[in-house]
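*Asks:* Below: one structure in structure tokens.
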Amino acid sequence: MPRLLVARSELLRTSPVSVEEEKRALEAVVVKESAMAGSGVFTHIVDENQVFKYYAEGEWKKSASGKTVSIVNPTTRKTQYNVQACTQEEVNKVMEAAKAAQRQWARTPLWKRAELLHKAAEILKENKDPIAECLVKEIAKPAKDAVTEIIYVGAVDFKVVRSGDLLSYTAEEGVRILGEGKLLLSDSFPGNERNKYCLSSKIPLGIVLAIPPFNYPVNLAVSKIGPALIAGNSLVLKPPTQGSVAALHMVHCFHLAGFPKGLISCITGKGSEIGDFMTMHPGVNCIRYCAAGHYSFTGGDTGIAISKKAGMIPLQMELGGKDACIVLEDADLDLVATNIVQGGYSYSGQRCTAVKVVLIMESVADEFVEKVNAKMAKLSVGTPEENCDITPVISESSANFIEGLVMDAKEKGATFCQEYKREGNLIWPLLLDHVRANMRIAWEEPFGPVLPVIRIRSVKEAIHHCNASNFGLQGSVFTKDINKAITIGDAIESGTIQINSAPARGPDHFPFQGLKDSGIGSQGIVNSINMMTKIKSLVINLPSPSYTMG
Ligand SMILES: NC(=O)C1=CN([C@@H]2O[C@H](COP(=O)(O)OP(=O)(O)OC[C@H]3O[C@@H](n4cnc5c(N)ncnc54)[C@H](OP(=O)(O)O)[C@@H]3O)[C@@H](O)[C@H]2O)C=CC1
Ligand SMILES: O=C(O)[C@H](O)COP(=O)(O)O
């Protein structure tokens with residue numbers, strides 16, 4: 001019997017379910033059956049003890065440390081995978097190889113660099129199932145989100161296919177952007193004749209160090225790797241510990257595409273042990289860091305610390321957010337409710353762009369809360385394998401942190417729209433109404449399925465709340481009055497304001513940036529390519545001015 005039919009009949013045997021549940025479970029079975037992490041083309045990346053190797057000088061290697069780091073499955077809370085704990089000496093070797101490879105790579109024609117990126121994109125997409133399997137096991141990403149493209153209003157989430165498309169788009173933009181330079185003529189500046197021609201072009205920085213976060217270990221790695229490589233840099237990846245195995249599989253796709261030895265490498269190990277050594281390494285010419293350590297109370301701690309410790313090199317920091325949704329009286333409340341539920345609770349709120357606070361006009365707040373509660377009641381809660389909407393958060397410490405915010409709000413009088421429920425790392429979705437400024441959750445990022453609602457009486461109050469935050473990543477305004485939306489959008493100190501939609505990073509060619517503690521620099525494919533280059537000029541000095549005579 002074909003596999004799909006077997007899966008379907010097994011499913012029907014075991015459970016009387018709704019069409020929606022059946023579809024979800026069926027997808028989960030398909031993902032499970034086609035999963036091949038560490039096998040097939042990926043056999044070389046794992047050793048005889050099932051420890052995943054690190055990638056250096058074009059080879060898969062075991063660390064001389066003899067130590068491993070275990071990756072705990074957020075759902076089972078048991079060790080799922082083990083990776084190498086790389087040593088400082090291994091980092092040094094990777095940097096040397098990256099330097100040598102980069103010199104050669106910078107001399108490789110742009111079209112060839114683009115060709116290899118297209119190839120890697122294809123291989124990545126072909127191997128989406130094993131990579132998705134890792135995302136399910138390592139970071140409890142629901143299977144549907146991990147394997148294929150899902151586009152909600154405001155939340156785009158498909159790690160592997162999206163990453164392949166991102167690479168192809170980067171290759172295409174790269175050949176255009178980097179294939180052009182500028183010619184400047186001296187006589188436009190006062191006091192000069194036309195005797196100097198300045199030819200400026202974009203050149204690589206050297207070695208780029210990329211450190212992505214757990215919530216997008218593949219996509220937020222690829223969004224750094226692609227632009228770095230097309231621009232002629234080499235790239236050293238330090239994946240998040242939870243997410244390392246998915247990242248190692250992704251790196252193997254680059255290996256299979258045939259990139260030169262040493263150009264890409266992947267060092268595994270705990271950020272707290274190897275991170276400082278890497279970010280302060282003299283060989284590094286650029287750092288692209290993503291994440292914040294949201295349960296460190298102040299948010300942005302690690303990123304801010306790195307930016308203080310790093311040398312005189314370009315930095316791009318993609319840090320935390322407290323994305324606010326402002327809802328005015330005239331907003332379409334059904335649209336708002338859909339966006340709030342998808343934006344606030346997809347991947348259990350573990351997105352930097354998740355809706356993290358709702359600022360709603362008192363006059364429509366009751367109706368809004370009712371609509372959101374009705375939609376929340378339909379969210380499924382359980383395991384990522386079952387494709388549930390709400391899955392366990394990344395770790396016990398994260399769940400404890402979220403619980404701390406909830407308990408603080410309880411003590412200070414917030415209204416619980418649902419009962420607070422937690423089993424292990426699984427936290428049931430919760431809407432907290434009547435949240436006030438003295439509660440921690442009004443300001444801190446839960447990075448979990450818990451959303452505060454603050455009732456406001458004026459637009460001024462909403463803007464004041466947003467601008468009093470340390471963060472400034474994204475925000476939303478819901479209203480039918482476009483003039484008001486623009487005025488409010490302009491007044492909020494955030495990198496992006498969405499009008500009538502929840503915050504979102506994608507599509508990936510849009511600029512994406514955080515103000516204040518939310519980051520340094522702007523992502524998006526074009527901005528990323530430009531960020532990983534510097535300008536070099538050649539000035540031709542003529543002995544006497546020369547003008548075109550026509
Ligand atoms: N603005 C944006 O674009 C984005 C922001 N985020 C933010 O990220 C946060 C969630 O990510 P989370 O993974 O918990 O953040 P963390 O800060 O805990 O970790 C992020 C990365 O930093 C590494 N790391 C830890 N310590 C160091 C160190 N001393 N030096 C160098 N690297 C180190 C981690 O490795 P290890 O896992 O081994 O500890 C991991 O790869 C949220 O606040 C979210 O808003 C997330 C995505 C995008
Ligand atoms: O870090 C994050 O969570 C992402 O950058 C957000 O991306 P998304 O809006 O596509 O989920």
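In the structure tokens, each chain is lettered A, B, ... as it comes, each chain's residues begin at 1, and ligands are numbered from 1 in order of appearance.
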Hey, which residues come within 9 Å of ligand 2 if we count only C-alpha atoms and all ligand atoms? Could you give them as a PDB file with N, CA, C and O atoms, in the first residue's frame?

*Replies:*
ATOM      1  N   GLY A 154       0.791  38.065   8.545  1.00  0.00           N
ATOM      2  CA  GLY A 154       1.829  38.613   9.398  1.00  0.00           C
ATOM      3  C   GLY A 154       2.853  37.618   9.900  1.00  0.00           C
ATOM      4  O   GLY A 154       3.856  38.019  10.441  1.00  0.00           O
ATOM      5  N   ALA A 155       2.634  36.355   9.763  1.00  0.00           N
ATOM      6  CA  ALA A 155       3.649  35.431  10.268  1.00  0.00           C
ATOM      7  C   ALA A 155       3.990  34.404   9.203  1.00  0.00           C
ATOM      8  O   ALA A 155       3.169  33.586   8.831  1.00  0.00           O
ATOM      9  N   VAL A 156       5.180  34.482   8.724  1.00  0.00           N
ATOM     10  CA  VAL A 156       5.624  33.546   7.698  1.00  0.00           C
ATOM     11  C   VAL A 156       6.605  32.610   8.365  1.00  0.00           C
ATOM     12  O   VAL A 156       7.502  33.037   9.039  1.00  0.00           O
ATOM     13  N   ASP A 157       6.415  31.350   8.189  1.00  0.00           N
ATOM     14  CA  ASP A 157       7.248  30.454   8.948  1.00  0.00           C
ATOM     15  C   ASP A 157       7.462  29.138   8.213  1.00  0.00           C
ATOM     16  O   ASP A 157       6.661  28.238   8.307  1.00  0.00           O
ATOM     17  N   PHE A 158       8.481  29.060   7.453  1.00  0.00           N
ATOM     18  CA  PHE A 158       8.809  27.760   6.894  1.00  0.00           C
ATOM     19  C   PHE A 158      10.306  27.769   6.725  1.00  0.00           C
ATOM     20  O   PHE A 158      10.867  28.429   5.895  1.00  0.00           O
ATOM     21  N   PRO A 212      23.328  32.744  14.983  1.00  0.00           N
ATOM     22  CA  PRO A 212      21.855  32.843  14.977  1.00  0.00           C
ATOM     23  C   PRO A 212      21.231  32.332  16.277  1.00  0.00           C
ATOM     24  O   PRO A 212      21.895  31.701  17.089  1.00  0.00           O
ATOM     25  N   PRO A 213      19.941  32.596  16.485  1.00  0.00           N
ATOM     26  CA  PRO A 213      19.255  32.159  17.714  1.00  0.00           C
ATOM     27  C   PRO A 213      18.540  30.830  17.537  1.00  0.00           C
ATOM     28  O   PRO A 213      18.393  30.342  16.418  1.00  0.00           O
ATOM     29  N   PHE A 214      18.033  30.297  18.652  1.00  0.00           N
ATOM     30  CA  PHE A 214      17.396  28.971  18.600  1.00  0.00           C
ATOM     31  C   PHE A 214      16.121  28.964  17.778  1.00  0.00           C
ATOM     32  O   PHE A 214      15.748  27.943  17.212  1.00  0.00           O
ATOM     33  N   ASN A 215      15.411  30.105  17.725  1.00  0.00           N
ATOM     34  CA  ASN A 215      14.068  30.034  17.139  1.00  0.00           C
ATOM     35  C   ASN A 215      14.075  29.931  15.610  1.00  0.00           C
ATOM     36  O   ASN A 215      13.111  29.480  15.011  1.00  0.00           O
ATOM     37  N   TYR A 216      15.164  30.347  14.993  1.00  0.00           N
ATOM     38  CA  TYR A 216      15.324  30.203  13.541  1.00  0.00           C
ATOM     39  C   TYR A 216      16.749  29.748  13.244  1.00  0.00           C
ATOM     40  O   TYR A 216      17.513  30.480  12.604  1.00  0.00           O
ATOM     41  N   ASN A 219      16.994  29.383   9.131  1.00  0.00           N
ATOM     42  CA  ASN A 219      16.692  30.573   8.332  1.00  0.00           C
ATOM     43  C   ASN A 219      17.554  31.768   8.724  1.00  0.00           C
ATOM     44  O   ASN A 219      18.054  32.499   7.852  1.00  0.00           O
ATOM     45  N   LEU A 220      17.751  31.973  10.014  1.00  0.00           N
ATOM     46  CA  LEU A 220      18.547  33.141  10.408  1.00  0.00           C
ATOM     47  C   LEU A 220      20.051  32.875  10.295  1.00  0.00           C
ATOM     48  O   LEU A 220      20.862  33.780  10.466  1.00  0.00           O
ATOM     49  N   CYS A 290      22.399  37.336  16.413  1.00  0.00           N
ATOM     50  CA  CYS A 290      20.956  37.401  16.497  1.00  0.00           C
ATOM     51  C   CYS A 290      20.510  36.788  17.813  1.00  0.00           C
ATOM     52  O   CYS A 290      20.904  35.663  18.112  1.00  0.00           O
ATOM     53  N   ALA A 291      19.702  37.472  18.565  1.00  0.00           N
ATOM     54  CA  ALA A 291      19.082  37.031  19.810  1.00  0.00           C
ATOM     55  C   ALA A 291      19.498  37.842  21.010  1.00  0.00           C
ATOM     56  O   ALA A 291      20.382  38.671  20.924  1.00  0.00           O
ATOM     57  N   GLU A 318      20.712  41.609  15.982  1.00  0.00           N
ATOM     58  CA  GLU A 318      19.266  41.443  15.819  1.00  0.00           C
ATOM     59  C   GLU A 318      18.748  40.958  17.167  1.00  0.00           C
ATOM     60  O   GLU A 318      18.858  39.776  17.476  1.00  0.00           O
ATOM     61  N   LEU A 319      18.258  41.873  17.983  1.00  0.00           N
ATOM     62  CA  LEU A 319      17.988  41.528  19.379  1.00  0.00           C
ATOM     63  C   LEU A 319      16.490  41.480  19.694  1.00  0.00           C
ATOM     64  O   LEU A 319      15.675  41.327  18.802  1.00  0.00           O
ATOM     65  N   GLY A 320      16.163  41.607  20.955  1.00  0.00           N
ATOM     66  CA  GLY A 320      14.791  41.352  21.387  1.00  0.00           C
ATOM     67  C   GLY A 320      13.805  42.431  20.986  1.00  0.00           C
ATOM     68  O   GLY A 320      14.160  43.472  20.420  1.00  0.00           O
ATOM     69  N   GLY A 343      -0.296  36.308  15.359  1.00  0.00           N
ATOM     70  CA  GLY A 343       0.946  37.034  15.648  1.00  0.00           C
ATOM     71  C   GLY A 343       1.455  36.806  17.061  1.00  0.00           C
ATOM     72  O   GLY A 343       2.652  36.836  17.315  1.00  0.00           O
ATOM     73  N   SER A 346       1.761  32.112  17.380  1.00  0.00           N
ATOM     74  CA  SER A 346       2.410  31.147  16.488  1.00  0.00           C
ATOM     75  C   SER A 346       3.812  30.846  17.038  1.00  0.00           C
ATOM     76  O   SER A 346       4.451  31.709  17.637  1.00  0.00           O
ATOM     77  N   TYR A 347       4.229  29.620  16.843  1.00  0.00           N
ATOM     78  CA  TYR A 347       5.443  29.073  17.461  1.00  0.00           C
ATOM     79  C   TYR A 347       5.490  29.457  18.955  1.00  0.00           C
ATOM     80  O   TYR A 347       6.507  29.832  19.501  1.00  0.00           O
ATOM     81  N   GLY A 349       4.686  31.952  20.558  1.00  0.00           N
ATOM     82  CA  GLY A 349       5.166  33.297  20.909  1.00  0.00           C
ATOM     83  C   GLY A 349       6.672  33.451  20.882  1.00  0.00           C
ATOM     84  O   GLY A 349       7.198  34.487  21.293  1.00  0.00           O
ATOM     85  N   GLN A 350       7.391  32.451  20.367  1.00  0.00           N
ATOM     86  CA  GLN A 350       8.860  32.499  20.397  1.00  0.00           C
ATOM     87  C   GLN A 350       9.422  33.109  19.114  1.00  0.00           C
ATOM     88  O   GLN A 350      10.256  32.532  18.441  1.00  0.00           O
ATOM     89  N   ARG A 351       8.903  34.244  18.766  1.00  0.00           N
ATOM     90  CA  ARG A 351       9.418  34.978  17.600  1.00  0.00           C
ATOM     91  C   ARG A 351       9.738  36.389  18.063  1.00  0.00           C
ATOM     92  O   ARG A 351       8.997  36.955  18.875  1.00  0.00           O
ATOM     93  N   CYS A 352      10.840  36.932  17.550  1.00  0.00           N
ATOM     94  CA  CYS A 352      11.155  38.297  17.984  1.00  0.00           C
ATOM     95  C   CYS A 352      10.048  39.234  17.537  1.00  0.00           C
ATOM     96  O   CYS A 352       9.794  40.254  18.155  1.00  0.00           O
ATOM     97  N   THR A 353       9.357  38.856  16.443  1.00  0.00           N
ATOM     98  CA  THR A 353       8.294  39.700  15.914  1.00  0.00           C
ATOM     99  C   THR A 353       6.919  39.312  16.448  1.00  0.00           C
ATOM    100  O   THR A 353       5.908  39.790  15.931  1.00  0.00           O
ATOM    101  N   ALA A 354       6.872  38.441  17.414  1.00  0.00           N
ATOM    102  CA  ALA A 354       5.557  38.089  17.972  1.00  0.00           C
ATOM    103  C   ALA A 354       4.918  39.342  18.574  1.00  0.00           C
ATOM    104  O   ALA A 354       5.620  40.224  19.066  1.00  0.00           O
ATOM    105  N   PRO A 503       3.128  42.223  13.402  1.00  0.00           N
ATOM    106  CA  PRO A 503       4.532  42.340  13.003  1.00  0.00           C
ATOM    107  C   PRO A 503       5.051  41.084  12.310  1.00  0.00           C
ATOM    108  O   PRO A 503       4.550  39.983  12.564  1.00  0.00           O
ATOM    109  N   ALA A 504       6.000  41.245  11.431  1.00  0.00           N
ATOM    110  CA  ALA A 504       6.632  40.108  10.744  1.00  0.00           C
ATOM    111  C   ALA A 504       7.929  40.587  10.115  1.00  0.00           C
ATOM    112  O   ALA A 504       8.041  41.744   9.720  1.00  0.00           O
ATOM    113  N   ARG A 505       8.871  39.661  10.018  1.00  0.00           N
ATOM    114  CA  ARG A 505      10.159  39.998   9.381  1.00  0.00           C
ATOM    115  C   ARG A 505      10.041  39.958   7.863  1.00  0.00           C
ATOM    116  O   ARG A 505      10.601  40.770   7.159  1.00  0.00           O
ATOM    117  N   GLY A 506       9.326  38.922   7.367  1.00  0.00           N
ATOM    118  CA  GLY A 506       9.302  38.697   5.930  1.00  0.00           C
ATOM    119  C   GLY A 506       8.363  39.613   5.198  1.00  0.00           C
ATOM    120  O   GLY A 506       7.631  40.368   5.831  1.00  0.00           O
ATOM    121  N   PRO A 507       8.323  39.575   3.859  1.00  0.00           N
ATOM    122  CA  PRO A 507       9.209  38.782   3.016  1.00  0.00           C
ATOM    123  C   PRO A 507      10.677  39.183   3.231  1.00  0.00           C
ATOM    124  O   PRO A 507      10.968  40.327   3.592  1.00  0.00           O
ATOM    125  N   ASP A 508      11.560  38.243   2.956  1.00  0.00           N
ATOM    126  CA  ASP A 508      12.946  38.403   3.383  1.00  0.00           C
ATOM    127  C   ASP A 508      13.746  39.475   2.642  1.00  0.00           C
ATOM    128  O   ASP A 508      14.880  39.746   3.011  1.00  0.00           O
ATOM    129  N   PHE A 512      14.728  44.944   7.624  1.00  0.00           N
ATOM    130  CA  PHE A 512      14.257  44.506   8.953  1.00  0.00           C
ATOM    131  C   PHE A 512      15.289  44.958   9.977  1.00  0.00           C
ATOM    132  O   PHE A 512      16.450  44.551   9.906  1.00  0.00           O
TER     133      PHE A 512
END

*Asks:* Write out as a compact mmCIF listing (two decimals) with N, CA and C atoms, in the first residue's frame each polymer residue (protein, DNA or RNA) that has an atom no more than 8 Å from ligand 1, with only C-alpha atoms and all ligand atoms counted.

*Replies:*
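Written out: out.txt:
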# COMPACT_ATOMS: atom_id res chain seq x y z
N ILE A 211 26.10 34.24 14.30
CA ILE A 211 25.57 33.55 15.49
C ILE A 211 24.05 33.73 15.49
N PRO A 212 23.33 32.74 14.98
CA PRO A 212 21.86 32.84 14.98
C PRO A 212 21.23 32.33 16.28
N PRO A 213 19.94 32.60 16.48
CA PRO A 213 19.25 32.16 17.71
C PRO A 213 18.54 30.83 17.54
N PHE A 214 18.03 30.30 18.65
CA PHE A 214 17.40 28.97 18.60
C PHE A 214 16.12 28.96 17.78
N ASN A 215 15.41 30.10 17.72
CA ASN A 215 14.07 30.03 17.14
C ASN A 215 14.07 29.93 15.61
N TYR A 216 15.16 30.35 14.99
CA TYR A 216 15.32 30.20 13.54
C TYR A 216 16.75 29.75 13.24
N LEU A 220 17.75 31.97 10.01
CA LEU A 220 18.55 33.14 10.41
C LEU A 220 20.05 32.87 10.30
N LYS A 238 28.47 29.83 14.28
CA LYS A 238 28.34 29.23 15.63
C LYS A 238 26.83 29.12 15.85
N PRO A 239 26.27 27.93 15.60
CA PRO A 239 24.82 27.81 15.72
C PRO A 239 24.39 27.83 17.18
N PRO A 240 23.10 28.14 17.43
CA PRO A 240 22.61 28.04 18.80
C PRO A 240 22.70 26.58 19.21
N THR A 241 22.97 26.29 20.46
CA THR A 241 23.09 24.89 20.86
C THR A 241 21.81 24.14 20.50
N GLN A 242 20.66 24.70 20.91
CA GLN A 242 19.41 24.05 20.48
C GLN A 242 19.10 24.56 19.09
N GLY A 243 19.28 23.69 18.12
CA GLY A 243 19.18 24.11 16.72
C GLY A 243 20.46 23.76 15.99
N THR A 268 30.62 24.01 16.87
CA THR A 268 29.56 23.81 17.87
C THR A 268 30.12 23.88 19.29
N GLY A 269 29.24 24.14 20.21
CA GLY A 269 29.64 24.27 21.62
C GLY A 269 28.76 25.31 22.27
N LYS A 270 28.83 25.38 23.58
CA LYS A 270 27.96 26.33 24.28
C LYS A 270 28.45 27.76 24.08
N GLY A 271 27.52 28.64 23.78
CA GLY A 271 27.87 30.05 23.61
C GLY A 271 28.56 30.60 24.85
N SER A 272 28.12 30.14 26.03
CA SER A 272 28.70 30.67 27.27
C SER A 272 30.15 30.23 27.43
N GLU A 273 30.57 29.16 26.72
CA GLU A 273 31.95 28.69 26.86
C GLU A 273 32.84 29.14 25.71
N ILE A 274 32.32 29.06 24.49
CA ILE A 274 33.17 29.34 23.33
C ILE A 274 32.85 30.71 22.70
N GLY A 275 31.68 31.28 23.10
CA GLY A 275 31.17 32.50 22.45
C GLY A 275 32.12 33.68 22.52
N ASP A 276 32.60 34.01 23.73
CA ASP A 276 33.46 35.18 23.87
C ASP A 276 34.74 35.02 23.07
N PHE A 277 35.28 33.80 23.10
CA PHE A 277 36.53 33.57 22.36
C PHE A 277 36.30 33.84 20.87
N MET A 278 35.15 33.44 20.38
CA MET A 278 34.88 33.62 18.96
C MET A 278 34.61 35.09 18.62
N THR A 279 33.77 35.75 19.42
CA THR A 279 33.42 37.14 19.08
C THR A 279 34.61 38.09 19.26
N TYR A 289 25.07 38.90 14.76
CA TYR A 289 24.57 38.19 15.94
C TYR A 289 23.06 38.38 16.04
N CYS A 290 22.40 37.34 16.41
CA CYS A 290 20.96 37.40 16.50
C CYS A 290 20.51 36.79 17.81
N ALA A 291 19.70 37.47 18.57
CA ALA A 291 19.08 37.03 19.81
C ALA A 291 19.50 37.84 21.01
N ALA A 292 18.84 37.49 22.13
CA ALA A 292 18.97 38.40 23.24
C ALA A 292 19.20 37.74 24.58
N GLY A 293 18.83 36.49 24.73
CA GLY A 293 18.86 35.92 26.07
C GLY A 293 17.73 36.55 26.85
N HIS A 294 16.50 36.30 26.36
CA HIS A 294 15.33 37.01 26.87
C HIS A 294 15.02 36.70 28.31
N TYR A 295 15.53 35.56 28.80
CA TYR A 295 15.22 35.28 30.20
C TYR A 295 16.37 35.72 31.11
N GLY A 299 16.90 41.60 28.94
CA GLY A 299 16.76 41.44 27.49
C GLY A 299 17.97 42.01 26.79
N GLY A 300 18.44 41.35 25.77
CA GLY A 300 19.53 41.91 24.98
C GLY A 300 20.89 41.80 25.65
N ASP A 301 20.95 41.16 26.81
CA ASP A 301 22.22 41.11 27.55
C ASP A 301 23.39 40.61 26.71
N THR A 302 23.23 39.42 26.12
CA THR A 302 24.36 38.83 25.40
C THR A 302 24.75 39.71 24.23
N GLY A 303 23.74 40.14 23.47
CA GLY A 303 24.02 40.96 22.30
C GLY A 303 24.69 42.27 22.68
N ALA A 305 26.39 42.86 25.36
CA ALA A 305 27.75 42.55 25.86
C ALA A 305 28.70 42.33 24.68
N ILE A 306 28.24 41.61 23.67
CA ILE A 306 29.11 41.36 22.51
C ILE A 306 29.47 42.68 21.84
N MET A 317 23.37 43.51 14.95
CA MET A 317 22.77 42.85 16.10
C MET A 317 21.26 42.81 15.90
N GLU A 318 20.71 41.61 15.98
CA GLU A 318 19.27 41.44 15.82
C GLU A 318 18.75 40.96 17.17
N LEU A 319 18.26 41.87 17.98
CA LEU A 319 17.99 41.53 19.38
C LEU A 319 16.49 41.48 19.69
N GLY A 320 16.16 41.61 20.95
CA GLY A 320 14.79 41.35 21.39
C GLY A 320 13.81 42.43 20.99
N GLY A 321 12.55 42.16 21.28
CA GLY A 321 11.50 43.13 20.95
C GLY A 321 10.35 43.05 21.93
N LYS A 322 9.57 44.10 21.97
CA LYS A 322 8.33 44.09 22.77
C LYS A 322 7.26 44.68 21.86
N GLN A 350 7.39 32.45 20.37
CA GLN A 350 8.86 32.50 20.40
C GLN A 350 9.42 33.11 19.11
N ARG A 351 8.90 34.24 18.77
CA ARG A 351 9.42 34.98 17.60
C ARG A 351 9.74 36.39 18.06
N CYS A 352 10.84 36.93 17.55
CA CYS A 352 11.15 38.30 17.98
C CYS A 352 10.05 39.23 17.54
N THR A 353 9.36 38.86 16.44
CA THR A 353 8.29 39.70 15.91
C THR A 353 6.92 39.31 16.45
N GLU A 445 9.88 40.75 27.65
CA GLU A 445 9.53 39.87 26.52
C GLU A 445 9.35 38.45 27.05
N PHE A 447 8.58 35.67 25.42
CA PHE A 447 9.03 34.64 24.48
C PHE A 447 8.30 33.35 24.78
N LEU A 473 11.63 47.15 18.01
CA LEU A 473 11.79 46.28 16.84
C LEU A 473 10.67 46.54 15.83
N ARG A 505 8.87 39.66 10.02
CA ARG A 505 10.16 40.00 9.38
C ARG A 505 10.04 39.96 7.86
N PHE A 512 14.73 44.94 7.62
CA PHE A 512 14.26 44.51 8.95
C PHE A 512 15.29 44.96 9.98
N GLN A 513 14.88 45.79 10.90
CA GLN A 513 15.84 46.39 11.81
C GLN A 513 15.20 46.75 13.14
N GLY A 514 16.03 46.78 14.16
CA GLY A 514 15.54 47.19 15.47
C GLY A 514 16.19 48.49 15.87
N SER A 518 16.87 46.91 20.49
CA SER A 518 16.47 45.84 19.56
C SER A 518 17.51 45.59 18.48
N GLY A 519 18.54 46.37 18.44
CA GLY A 519 19.59 45.98 17.50
C GLY A 519 20.39 47.11 16.87
N GLN A 523 18.61 44.28 8.47
CA GLN A 523 18.64 43.05 7.68
C GLN A 523 17.84 43.24 6.40

*Asks:* Pick out the residues sitting within 12 Å of Ser395 (chain A), and hand them over as a PyMOL selection string; count only C-alpha atoms, and ignore anything fewer than 5 positions along from it in its own chain.

*Replies:* chain A and resi 71-78+138-140+214-215+241-242+295+350+400-402+424-427+447-448

*Asks:* For Ile456 (chain A), list every protein, DNA or RNA residue within 12 Å, evaluated using only C-alpha atoms, and leave out those in the same chain fewer than 6 positions away; present the list as a PyMOL selection string.

*Replies:* chain A and resi 325-329+358-365+433-437+462-465

*Asks:* Name the residues in contact with His249 (chain A) at a cut-off of 8 Å, using only C-alpha atoms, excluding same-chain residues fewer than 3 positions from it; report them as a list in words.

*Replies:*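 So, after excluding close chain neighbours, the residues are Ala37, Gly38, Phe42, Ile45, Pro130, Ile131, Val245, Ala246, His252 and Cys253 of chain A.
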
*Asks:* How would you write, as an MDAnalysis selection string, the set of residues in region 313-416 of chain A that DSSP gives as strand (DSSP E or B)?

*Replies:* chainID A and resid 315:318 324:327 357:361 381 390 415:416

*Asks:* Grab the residues selected above and save them as a CSV table (one decimal), in the first residue's frame with N, CA, C and O atoms.

*Replies:*
chain,number,residue,atom,x,y,z
A,315,LEU,N,29.2,45.5,13.0
A,315,LEU,CA,28.4,44.6,13.8
A,315,LEU,C,26.9,44.7,13.3
A,315,LEU,O,26.5,45.8,13.0
A,316,GLN,N,26.3,43.6,13.2
A,316,GLN,CA,24.8,43.6,13.0
A,316,GLN,C,24.2,42.9,14.2
A,316,GLN,O,24.5,41.7,14.3
A,317,MET,N,23.4,43.5,14.9
A,317,MET,CA,22.8,42.9,16.1
A,317,MET,C,21.3,42.8,15.9
A,317,MET,O,20.6,43.9,15.7
A,318,GLU,N,20.7,41.6,16.0
A,318,GLU,CA,19.3,41.4,15.8
A,318,GLU,C,18.7,41.0,17.2
A,318,GLU,O,18.9,39.8,17.5
A,324,ALA,N,4.4,46.1,20.0
A,324,ALA,CA,3.1,46.5,20.5
A,324,ALA,C,2.1,46.6,19.3
A,324,ALA,O,2.5,47.1,18.2
A,325,CYS,N,0.9,46.2,19.6
A,325,CYS,CA,-0.2,46.4,18.6
A,325,CYS,C,-1.1,47.4,19.2
A,325,CYS,O,-1.8,47.2,20.2
A,326,ILE,N,-1.2,48.5,18.5
A,326,ILE,CA,-2.2,49.6,18.9
A,326,ILE,C,-3.5,49.4,18.2
A,326,ILE,O,-3.5,49.3,17.0
A,327,VAL,N,-4.6,49.3,18.9
A,327,VAL,CA,-5.9,49.1,18.3
A,327,VAL,C,-6.8,50.3,18.6
A,327,VAL,O,-7.1,50.6,19.7
A,357,VAL,N,2.6,42.9,23.2
A,357,VAL,CA,1.6,43.7,24.1
A,357,VAL,C,0.6,44.3,23.2
A,357,VAL,O,0.9,44.7,22.1
A,358,VAL,N,-0.7,44.3,23.7
A,358,VAL,CA,-1.8,44.9,22.9
A,358,VAL,C,-2.2,46.2,23.7
A,358,VAL,O,-2.4,46.1,24.9
A,359,LEU,N,-2.2,47.3,22.9
A,359,LEU,CA,-2.6,48.5,23.5
A,359,LEU,C,-4.0,48.9,22.9
A,359,LEU,O,-4.0,49.3,21.7
A,360,ILE,N,-5.0,48.7,23.6
A,360,ILE,CA,-6.4,48.8,22.9
A,360,ILE,C,-7.2,49.9,23.6
A,360,ILE,O,-7.2,50.0,24.9
A,361,MET,N,-8.0,50.6,22.8
A,361,MET,CA,-8.9,51.7,23.3
A,361,MET,C,-9.9,51.0,24.2
A,361,MET,O,-10.6,50.0,23.8
A,381,VAL,N,-3.1,22.4,21.6
A,381,VAL,CA,-1.9,22.4,22.5
A,381,VAL,C,-1.3,21.0,22.6
A,381,VAL,O,-2.1,20.1,22.9
A,390,ILE,N,0.3,25.2,19.7
A,390,ILE,CA,1.1,25.6,20.9
A,390,ILE,C,1.9,24.4,21.3
A,390,ILE,O,1.3,23.3,21.6
A,415,THR,N,-6.2,40.4,34.9
A,415,THR,CA,-7.3,39.5,34.7
A,415,THR,C,-6.9,38.4,33.8
A,415,THR,O,-6.4,38.6,32.7
A,416,PHE,N,-7.1,37.1,34.3
A,416,PHE,CA,-6.7,36.0,33.5
A,416,PHE,C,-7.9,35.6,32.6
A,416,PHE,O,-8.9,35.2,33.2

*Asks:* Considering only C-alpha atoms, return as a VMD selection string whatever protein or nucleic-acid residues lie within 7 Å of Ala257 (chain A), sequence-local ones (same chain, fewer than 4 positions apart) excluded.

*Replies:* chain A and resid 116 119 to 120 253

*Asks:* Save the residues we just selected, N, CA, C and O atoms, as a compact mmCIF listing (two decimals), in the first residue's frame?

*Replies:*
# COMPACT_ATOMS: atom_id res chain seq x y z
N LEU A 116 26.88 28.72 -7.30
CA LEU A 116 26.99 27.81 -6.15
C LEU A 116 25.88 28.04 -5.12
O LEU A 116 25.37 27.09 -4.52
N LYS A 119 22.84 26.40 -6.30
CA LYS A 119 22.94 24.96 -6.12
C LYS A 119 22.65 24.58 -4.65
O LYS A 119 21.91 23.63 -4.38
N ALA A 120 23.24 25.34 -3.75
CA ALA A 120 23.00 25.06 -2.31
C ALA A 120 21.51 25.19 -2.00
O ALA A 120 20.95 24.40 -1.23
N CYS A 253 24.49 20.85 3.24
CA CYS A 253 23.95 21.17 1.91
C CYS A 253 24.91 22.09 1.16
O CYS A 253 25.08 21.97 -0.06
